[in-house]
file work-v9.txt (compact mmCIF, C-alpha atoms)
# COMPACT_ATOMS: atom_id res chain seq x y z
CA MET A 182 97.17 126.08 123.06
CA GLN A 183 100.81 125.43 122.27
CA SER A 184 102.26 125.84 118.78
CA ALA A 185 103.89 123.03 116.83
CA THR A 186 107.30 123.40 115.20
CA LEU A 187 107.88 123.63 111.48
CA GLU A 188 109.89 120.42 111.55
CA SER A 189 107.15 118.42 113.28
CA TRP A 190 104.10 119.68 111.38
CA TYR A 191 104.11 117.01 108.67
CA LYS A 192 104.21 113.28 109.30
CA ILE A 193 105.50 111.09 106.45
CA GLU A 194 104.73 107.39 105.99
CA ARG A 195 106.01 105.36 103.05
CA LEU A 196 103.56 102.69 101.90
CA SER A 197 103.64 100.03 99.20
CA ASP A 198 103.24 100.75 95.45
CA ASP A 199 105.67 103.73 95.69
CA VAL A 200 102.97 105.66 97.54
CA THR A 201 103.80 108.00 100.42
CA LEU A 202 101.27 109.45 102.85
CA ILE A 203 101.93 112.96 104.11
CA CYS A 204 99.65 114.43 106.76
CA GLU A 205 99.40 117.44 109.06
CA GLN A 206 99.53 115.54 112.33
CA PHE A 207 98.38 118.39 114.58
CA ILE A 208 94.93 118.61 112.98
CA GLU A 209 91.98 116.59 114.31
CA PRO A 210 91.49 113.41 112.24
CA TYR A 211 88.11 114.45 110.81
CA TYR A 212 89.65 117.59 109.28
CA ARG A 213 93.09 116.14 108.53
CA CYS A 214 93.58 115.74 104.79
CA ASN A 215 95.63 112.86 103.45
CA ILE A 216 98.27 114.21 101.07
CA TRP A 217 99.39 111.48 98.67
CA HIS A 218 102.71 111.36 96.81
CA VAL A 219 103.18 108.79 94.04
CA ARG A 220 106.56 108.07 92.46
CA GLY A 221 106.63 107.68 88.68
CA ARG A 222 109.39 107.02 86.18
CA ASP A 223 109.19 110.36 84.39
CA ARG A 224 107.51 112.51 87.02
CA ASP A 225 105.72 112.27 90.33
CA LEU A 226 102.13 112.87 91.35
CA LEU A 227 100.80 114.80 94.34
CA ILE A 228 97.15 114.36 95.24
CA ASP A 229 95.94 117.23 97.45
CA SER A 230 98.18 119.55 99.45
CA GLY A 231 96.70 120.21 102.90
CA MET A 232 95.58 123.42 104.58
CA GLY A 233 98.45 125.63 103.53
CA VAL A 234 99.32 126.82 107.05
CA VAL A 235 102.86 125.38 106.72
CA SER A 236 104.78 125.23 103.43
CA LEU A 237 104.75 121.73 101.97
CA ARG A 238 107.63 122.31 99.55
CA ARG A 239 109.94 123.72 102.20
CA GLN A 240 109.19 121.13 104.88
CA VAL A 241 108.84 117.92 102.84
CA ALA A 242 111.83 117.40 100.56
CA LEU A 243 110.13 114.53 98.73
CA VAL A 244 107.71 116.82 96.89
CA GLY A 245 110.48 118.98 95.44
CA GLU A 246 112.91 116.33 94.24
CA ARG A 247 111.49 115.71 90.75
CA PRO A 248 108.99 117.12 88.23
CA LEU A 249 105.54 116.78 89.80
CA LEU A 250 101.89 117.31 88.92
CA ALA A 251 99.78 118.53 91.83
CA VAL A 252 96.21 117.28 91.42
CA ALA A 253 93.32 118.55 93.54
CA SER A 254 90.73 115.87 94.28
CA HIS A 255 88.39 118.82 94.87
CA CYS A 256 88.63 122.42 96.06
CA HIS A 257 87.86 122.38 99.76
CA PHE A 258 90.34 124.32 101.88
CA ASP A 259 91.95 121.30 103.53
CA HIS A 260 92.90 119.84 100.13
CA ILE A 261 94.32 122.82 98.18
CA GLY A 262 96.15 125.00 100.69
CA ASN A 263 99.62 124.46 99.20
CA HIS A 264 98.74 124.04 95.53
CA HIS A 265 100.13 127.49 94.76
CA GLU A 266 103.61 126.15 95.59
CA PHE A 267 103.64 123.85 92.55
CA PRO A 268 103.96 125.10 88.95
CA ASP A 269 101.96 122.21 87.42
CA ARG A 270 98.42 121.98 88.81
CA ALA A 271 95.38 119.99 87.71
CA ILE A 272 91.72 120.14 88.73
CA HIS A 273 88.39 119.03 87.31
CA GLN A 274 86.92 121.72 85.09
CA ASP A 275 83.86 122.13 87.34
CA GLU A 276 86.00 123.53 90.18
CA ALA A 277 88.71 125.36 88.23
CA ASP A 278 87.23 128.73 89.16
CA ILE A 279 87.50 127.91 92.86
CA LEU A 280 91.17 126.94 92.61
CA ALA A 281 91.87 130.21 90.82
CA ASN A 282 89.68 132.29 93.18
CA PRO A 283 89.53 130.41 96.50
CA THR A 284 87.22 132.45 98.73
CA GLN A 285 86.40 131.36 102.27
CA HIS A 286 82.89 130.39 101.21
CA ALA A 287 83.83 128.61 97.99
CA THR A 288 86.41 126.43 99.80
CA VAL A 289 84.04 125.87 102.81
CA ALA A 290 86.66 127.36 105.13
CA ASP A 291 84.01 129.72 106.51
CA VAL A 292 82.14 126.74 107.98
CA TYR A 293 84.63 123.89 108.37
CA ALA A 294 87.90 125.55 109.47
CA PRO A 295 87.48 126.33 113.19
CA LYS A 296 90.52 126.96 115.36
CA ALA A 297 89.36 124.03 117.50
CA MET A 298 90.43 121.68 114.70
CA PHE A 299 94.06 122.03 115.77
CA LEU A 300 95.70 119.77 118.34
CA ALA A 301 98.59 122.24 118.33
CA LEU A 302 98.61 125.56 116.50
CA PRO A 303 100.61 126.02 113.32
CA PRO A 304 103.97 127.71 113.99
CA GLY A 305 104.52 131.41 113.48
CA GLY A 306 101.77 133.01 115.54
CA TYR A 307 98.75 131.59 113.73
CA GLU A 308 95.66 133.83 113.62
CA GLN A 309 92.40 132.23 112.52
CA SER A 310 91.00 135.48 111.15
CA ALA A 311 93.97 135.81 108.78
CA TYR A 312 93.70 132.31 107.29
CA ARG A 313 93.31 132.38 103.52
CA ILE A 314 93.94 130.02 100.59
CA GLU A 315 96.32 131.38 97.95
CA PRO A 316 95.04 131.41 94.36
CA ALA A 317 96.51 128.60 92.25
CA PRO A 318 95.05 128.68 88.71
CA ALA A 319 95.14 125.27 87.07
CA THR A 320 97.62 124.57 84.29
CA ARG A 321 95.58 121.50 83.28
CA LEU A 322 91.87 120.81 83.40
CA VAL A 323 90.82 117.18 83.69
CA ASN A 324 87.57 115.35 83.14
CA GLU A 325 86.15 111.84 83.14
CA GLY A 326 88.37 109.35 81.33
CA ASP A 327 91.48 111.53 81.08
CA ILE A 328 94.79 109.80 81.79
CA ILE A 329 97.51 111.15 84.06
CA ASP A 330 100.69 109.51 82.78
CA LEU A 331 103.77 109.25 84.99
CA GLY A 332 105.72 107.32 82.36
CA ASP A 333 105.42 103.86 83.84
CA ARG A 334 102.10 104.42 85.61
CA GLN A 335 98.78 105.61 84.23
CA PHE A 336 95.93 106.91 86.37
CA GLU A 337 92.45 107.31 84.93
CA VAL A 338 90.42 110.29 86.09
CA LEU A 339 86.98 109.35 87.46
CA HIS A 340 84.52 112.21 87.89
CA LEU A 341 82.78 111.53 91.22
CA PRO A 342 80.41 114.43 92.00
CA GLY A 343 78.17 114.62 95.03
CA HIS A 344 80.46 115.71 97.83
CA SER A 345 81.32 118.59 95.51
CA PRO A 346 80.66 119.18 91.79
CA GLY A 347 84.24 118.62 90.65
CA SER A 348 85.27 115.79 92.94
CA ILE A 349 87.50 113.24 91.22
CA GLY A 350 89.26 109.97 91.94
CA LEU A 351 92.36 108.51 90.28
CA TRP A 352 92.23 104.83 89.31
CA GLU A 353 95.25 102.73 88.39
CA LYS A 354 93.71 99.65 86.82
CA ALA A 355 97.02 97.78 86.47
CA THR A 356 97.61 97.71 90.23
CA GLY A 357 94.11 98.15 91.66
CA VAL A 358 95.21 101.32 93.47
CA PHE A 359 92.43 103.90 93.85
CA PHE A 360 92.82 107.44 95.19
CA SER A 361 89.24 108.36 96.05
CA GLY A 362 89.47 111.90 97.42
CA ASP A 363 86.44 112.69 99.58
CA ALA A 364 84.03 110.63 97.47
CA ILE A 365 84.67 107.74 99.84
CA TYR A 366 86.90 107.24 102.87
CA ASP A 367 86.68 105.20 106.07
CA GLY A 368 84.93 107.77 108.23
CA PRO A 369 81.80 109.97 108.35
CA LEU A 370 81.17 111.10 104.77
CA SER A 371 80.22 114.72 104.18
CA ASP A 372 77.29 115.52 101.92
CA GLN A 373 76.07 118.73 103.55
CA CYS A 374 78.39 121.34 102.04
CA TYR A 375 76.81 124.25 100.16
CA HIS A 376 77.48 122.55 96.80
CA SER A 377 76.96 118.95 97.86
CA HIS A 378 74.07 117.11 96.18
CA ILE A 379 72.88 113.84 97.70
CA PRO A 380 71.01 112.42 94.66
CA THR A 381 74.18 112.92 92.61
CA TYR A 382 76.26 111.40 95.40
CA LEU A 383 74.02 108.31 95.36
CA LYS A 384 74.62 107.89 91.64
CA THR A 385 78.35 108.21 92.24
CA MET A 386 78.16 105.50 94.90
CA ASP A 387 76.28 103.21 92.53
CA ARG A 388 79.03 103.76 90.01
CA LEU A 389 81.82 103.18 92.54
CA ARG A 390 80.16 99.91 93.55
CA THR A 391 81.22 98.48 90.17
CA LEU A 392 84.91 99.29 90.70
CA LYS A 393 87.13 96.53 92.12
CA PRO A 394 90.05 98.20 93.92
CA ARG A 395 92.75 96.30 95.77
CA ILE A 396 93.60 99.26 98.00
CA VAL A 397 91.81 102.59 98.49
CA HIS A 398 93.62 105.74 99.61
CA GLY A 399 90.96 108.24 100.66
CA GLY A 400 91.04 111.94 101.37
CA HIS A 401 90.82 111.31 105.13
CA PHE A 402 91.39 108.50 107.63
CA PRO A 403 93.38 105.26 107.03
CA SER A 404 93.52 103.37 103.74
CA PHE A 405 91.41 100.23 103.34
CA ASP A 406 90.96 97.18 101.14
CA GLY A 407 88.36 96.27 98.56
CA GLN A 408 86.14 94.40 100.99
CA ARG A 409 85.92 97.39 103.32
CA TYR A 410 85.32 99.61 100.28
CA VAL A 411 82.18 97.69 99.31
CA ALA A 412 80.94 97.73 102.92
CA LEU A 413 81.37 101.51 103.17
CA ILE A 414 79.47 102.10 99.94
CA ASP A 415 76.62 99.82 100.98
CA GLN A 416 76.49 101.45 104.41
CA TYR A 417 76.11 104.90 102.85
CA LEU A 418 73.49 103.77 100.33
CA GLU A 419 71.48 101.92 102.97
CA GLY A 420 71.61 104.88 105.34
CA LYS A 421 70.27 107.24 102.70
CA ARG A 422 67.59 104.73 101.65
CA LYS A 423 66.31 104.58 105.23
CA MET A 424 66.20 108.38 105.29
CA GLY A 425 64.12 108.38 102.11
CA CYS A 426 66.66 110.36 100.09
CA PRO A 427 65.59 110.67 96.43
CA ARG A 428 67.68 108.89 93.80
CA ASP A 429 66.12 110.34 90.67
CA SER A 430 66.57 114.10 91.08
CA ALA A 431 68.41 115.91 88.31
CA ALA A 432 72.09 116.39 89.05
CA ARG A 433 73.27 119.92 89.52
call {"tool": "encode", "arguments": {"input": "work-v9.txt", "output": "structure tokens"}}
result
Amino acid sequence: MQSATLESWYKIERLSDDVTLICEQFIEPYYRCNIWHVRGRDRDLLIDSGMGVVSLRRQVALVGERPLLAVASHCHFDHIGNHHEFPDRAIHQDEADILANPTQHATVADVYAPKAMFLALPPGGYEQSAYRIEPAPATRLVNEGDIIDLGDRQFEVLHLPGHSPGSIGLWEKATGVFFSGDAIYDGPLSDQCYHSHIPTYLKTMDRLRTLKPRIVHGGHFPSFDGQRYVALIDQYLEGKRKMGCPRDSAAR
């Protein structure tokens, strides 16, 4: 397999609402994390940081232009690989230990990071056996209802466990913009990780069903509108109902 160049690794797409999508374009779509940059008046926001196989700060000038808070939607390897490059880092308290001590198992890299995920290898003689996530202890712990303030924009933290214990979303009520992490995106949802919990995920979906977003920027795959959002939630809930998944088990 050929190797990509440093300059071509990241693809950048500017969207509306001062939101920019950054992605690692040589990773298969299912594994390819959406890295979101949001411009604020006083500082910027970064939601997730990719695999960490190519430096985000050195290759994407946008993320180093202004003060920035790097938020992890959760601590799977494809979302936190470059968090160590940013001095201000936030994570839900339930996954703070993983961000500080990101083992292959804790970040699910031991199961979900095969070399076959690459369409072209990362530059620099990539070796799968040497892949590791750098520790990036949080400078801020967040929980349900906390506000991330960019000066002119305020994002409310929603705790959305199920996919993982500390999964979060960021909700901007004033604009209807919702960054949903891996709680919901327009593709096959994952609820089979070692710390996933389907009954908890079902409760999260019930809760998300009450939100009314205008646009949803997920952890993977393209963004979608509020109508598609409702359809995806109902599709997941109906699928689990048909499988007889319990809805009343105690959350982990």
call {"tool": "atom_distance", "arguments": {"input": "work-v9.txt", "atom1": "atom CA of Val234 of chain A", "atom2": "atom CA of Ser377 of chain A"}}
result
25.4 Å
call {"tool": "closest_residue", "arguments": {"input": "work-v9.txt", "among": "A:Asn282, A:Ser404, A:Ser236, A:Ser361", "to": "Ile349 of chain A", "atoms": "all atoms listed in the file"}}
result
A:Ser361
call {"tool": "axis_aligned_box", "arguments": {"input": "work-v9.txt", "around": "segment 402-406 of chain A", "padding_each_side": "8 Å", "output": "lines of an AutoDock Vina configuration file"}}
result
center_x = 92.2
center_y = 102.8
center_z = 104.4
size_x = 18.6
size_y = 27.3
size_z = 22.5
call {"tool": "closest_residue", "arguments": {"input": "work-v9.txt", "among": "A:Ile379, A:Leu237, A:Leu227, A:Val397", "to": "Ala251 of chain A", "atoms": "all atoms listed in the file"}}
result
A:Leu227
call {"tool": "residues_around", "arguments": {"input": "work-v9.txt", "residues": "segment 417-425 of chain A", "least_positions_apart": "3", "cutoff": "9 Å", "atoms": "all atoms listed in the file", "output": "ChimeraX atom specification"}}
result
/A:370,379,383,386-387,412-414,428
call {"tool": "write_last_selection", "arguments": {"input": "work-v9.txt", "atoms": "C-alpha atoms", "output": "compact mmCIF listing (two decimals), in the frame of the given file"}}
result
# COMPACT_ATOMS: atom_id res chain seq x y z
CA LEU A 370 81.17 111.10 104.77
CA ILE A 379 72.88 113.84 97.70
CA LEU A 383 74.02 108.31 95.36
CA MET A 386 78.16 105.50 94.90
CA ASP A 387 76.28 103.21 92.53
CA ALA A 412 80.94 97.73 102.92
CA LEU A 413 81.37 101.51 103.17
CA ILE A 414 79.47 102.10 99.94
CA ARG A 428 67.68 108.89 93.80
call {"tool": "atom_distance", "arguments": {"input": "work-v9.txt", "atom1": "atom CA of His344 of chain A", "atom2": "atom CA of Ser230 of chain A"}}
result
18.2 Å
call {"tool": "closest_residue", "arguments": {"input": "work-v9.txt", "among": "A:Arg238, A:Arg224, A:Lys296, A:Lys354", "to": "Ile203 of chain A", "atoms": "all atoms listed in the file"}}
result
A:Arg238
call {"tool": "closest_residue", "arguments": {"input": "work-v9.txt", "among": "A:His378, A:Pro369, A:Asp415, A:Gln285", "to": "Thr391 of chain A", "atoms": "only C-alpha atoms"}}
result
A:Asp415
call {"tool": "atom_distance", "arguments": {"input": "work-v9.txt", "atom1": "atom CA of Thr288 of chain A", "atom2": "atom CA of Met232 of chain A"}}
result
10.8 Å
call {"tool": "closest_residue", "arguments": {"input": "work-v9.txt", "among": "A:His340, A:His286, A:Arg334, A:Arg409", "to": "Ser254 of chain A", "atoms": "only C-alpha atoms"}}
result
A:His340
call {"tool": "residues_around", "arguments": {"input": "work-v9.txt", "residues": "Asp367 of chain A", "least_positions_apart": "6", "cutoff": "8 Å", "atoms": "only C-alpha atoms", "output": "ChimeraX atom specification"}}
result
/A:399,401-405,413
call {"tool": "residues_around", "arguments": {"input": "work-v9.txt", "residues": "Tyr307 of chain A", "least_positions_apart": "3", "cutoff": "10 Å", "atoms": "all atoms listed in the file", "output": "ChimeraX atom specification"}}
result
/A:184,234,296,302-304,310-312
call {"tool": "closest_residue", "arguments": {"input": "work-v9.txt", "among": "A:Ala277, A:Leu187, A:Leu196, A:Ala290", "to": "Arg239 of chain A", "atoms": "all atoms listed in the file"}}
result
A:Leu187
call {"tool": "residues_around", "arguments": {"input": "work-v9.txt", "residues": "His218 of chain A", "least_positions_apart": "5", "cutoff": "6 Å", "atoms": "all atoms listed in the file", "output": "mmCIF file with C-alpha atoms, in the frame of the given file"}}
result
data_model
loop_
_atom_site.group_PDB
_atom_site.id
_atom_site.type_symbol
_atom_site.label_atom_id
_atom_site.label_comp_id
_atom_site.auth_asym_id
_atom_site.auth_seq_id
_atom_site.Cartn_x
_atom_site.Cartn_y
_atom_site.Cartn_z
ATOM 1 C CA VAL A 200 102.970 105.660 97.540
ATOM 2 C CA THR A 201 103.800 108.000 100.420
ATOM 3 C CA LEU A 226 102.130 112.870 91.350
ATOM 4 C CA LEU A 227 100.800 114.800 94.340
#
call {"tool": "residues_around", "arguments": {"input": "work-v9.txt", "residues": "Leu202 of chain A", "least_positions_apart": "3", "cutoff": "8 Å", "atoms": "all atoms listed in the file", "output": "list in words"}}
result
Ile193, Glu194, Arg195, Leu196, Asn215, Ile216, Trp217 and His218 of chain A
call {"tool": "build_atoms", "arguments": {"input": "work-v9.txt", "residues": "segment 375-386 of chain A", "atoms": "N, CA and C atoms", "output": "compact mmCIF listing (two decimals), in the frame of the given file"}}
result
# COMPACT_ATOMS: atom_id res chain seq x y z
N TYR A 375 77.73 123.41 100.92
CA TYR A 375 76.81 124.25 100.16
C TYR A 375 76.62 123.75 98.73
N HIS A 376 77.62 123.05 98.17
CA HIS A 376 77.48 122.55 96.80
C HIS A 376 77.45 121.02 96.73
N SER A 377 77.21 120.39 97.88
CA SER A 377 76.96 118.95 97.86
C SER A 377 75.58 118.68 97.28
N HIS A 378 75.37 117.46 96.75
CA HIS A 378 74.07 117.11 96.18
C HIS A 378 73.87 115.61 96.36
N ILE A 379 73.01 115.25 97.30
CA ILE A 379 72.88 113.84 97.70
C ILE A 379 72.41 112.95 96.57
N PRO A 380 71.40 113.31 95.77
CA PRO A 380 71.01 112.42 94.66
C PRO A 380 72.17 112.12 93.71
N THR A 381 73.00 113.14 93.45
CA THR A 381 74.18 112.92 92.61
C THR A 381 75.18 112.02 93.31
N TYR A 382 75.34 112.22 94.61
CA TYR A 382 76.26 111.40 95.40
C TYR A 382 75.82 109.93 95.36
N LEU A 383 74.52 109.68 95.42
CA LEU A 383 74.02 108.31 95.36
C LEU A 383 74.35 107.65 94.02
N LYS A 384 74.25 108.42 92.94
CA LYS A 384 74.62 107.89 91.64
C LYS A 384 76.11 107.58 91.57
N THR A 385 76.91 108.46 92.17
CA THR A 385 78.35 108.21 92.24
C THR A 385 78.65 106.93 93.01
N MET A 386 77.95 106.72 94.12
CA MET A 386 78.16 105.50 94.90
C MET A 386 77.77 104.26 94.12
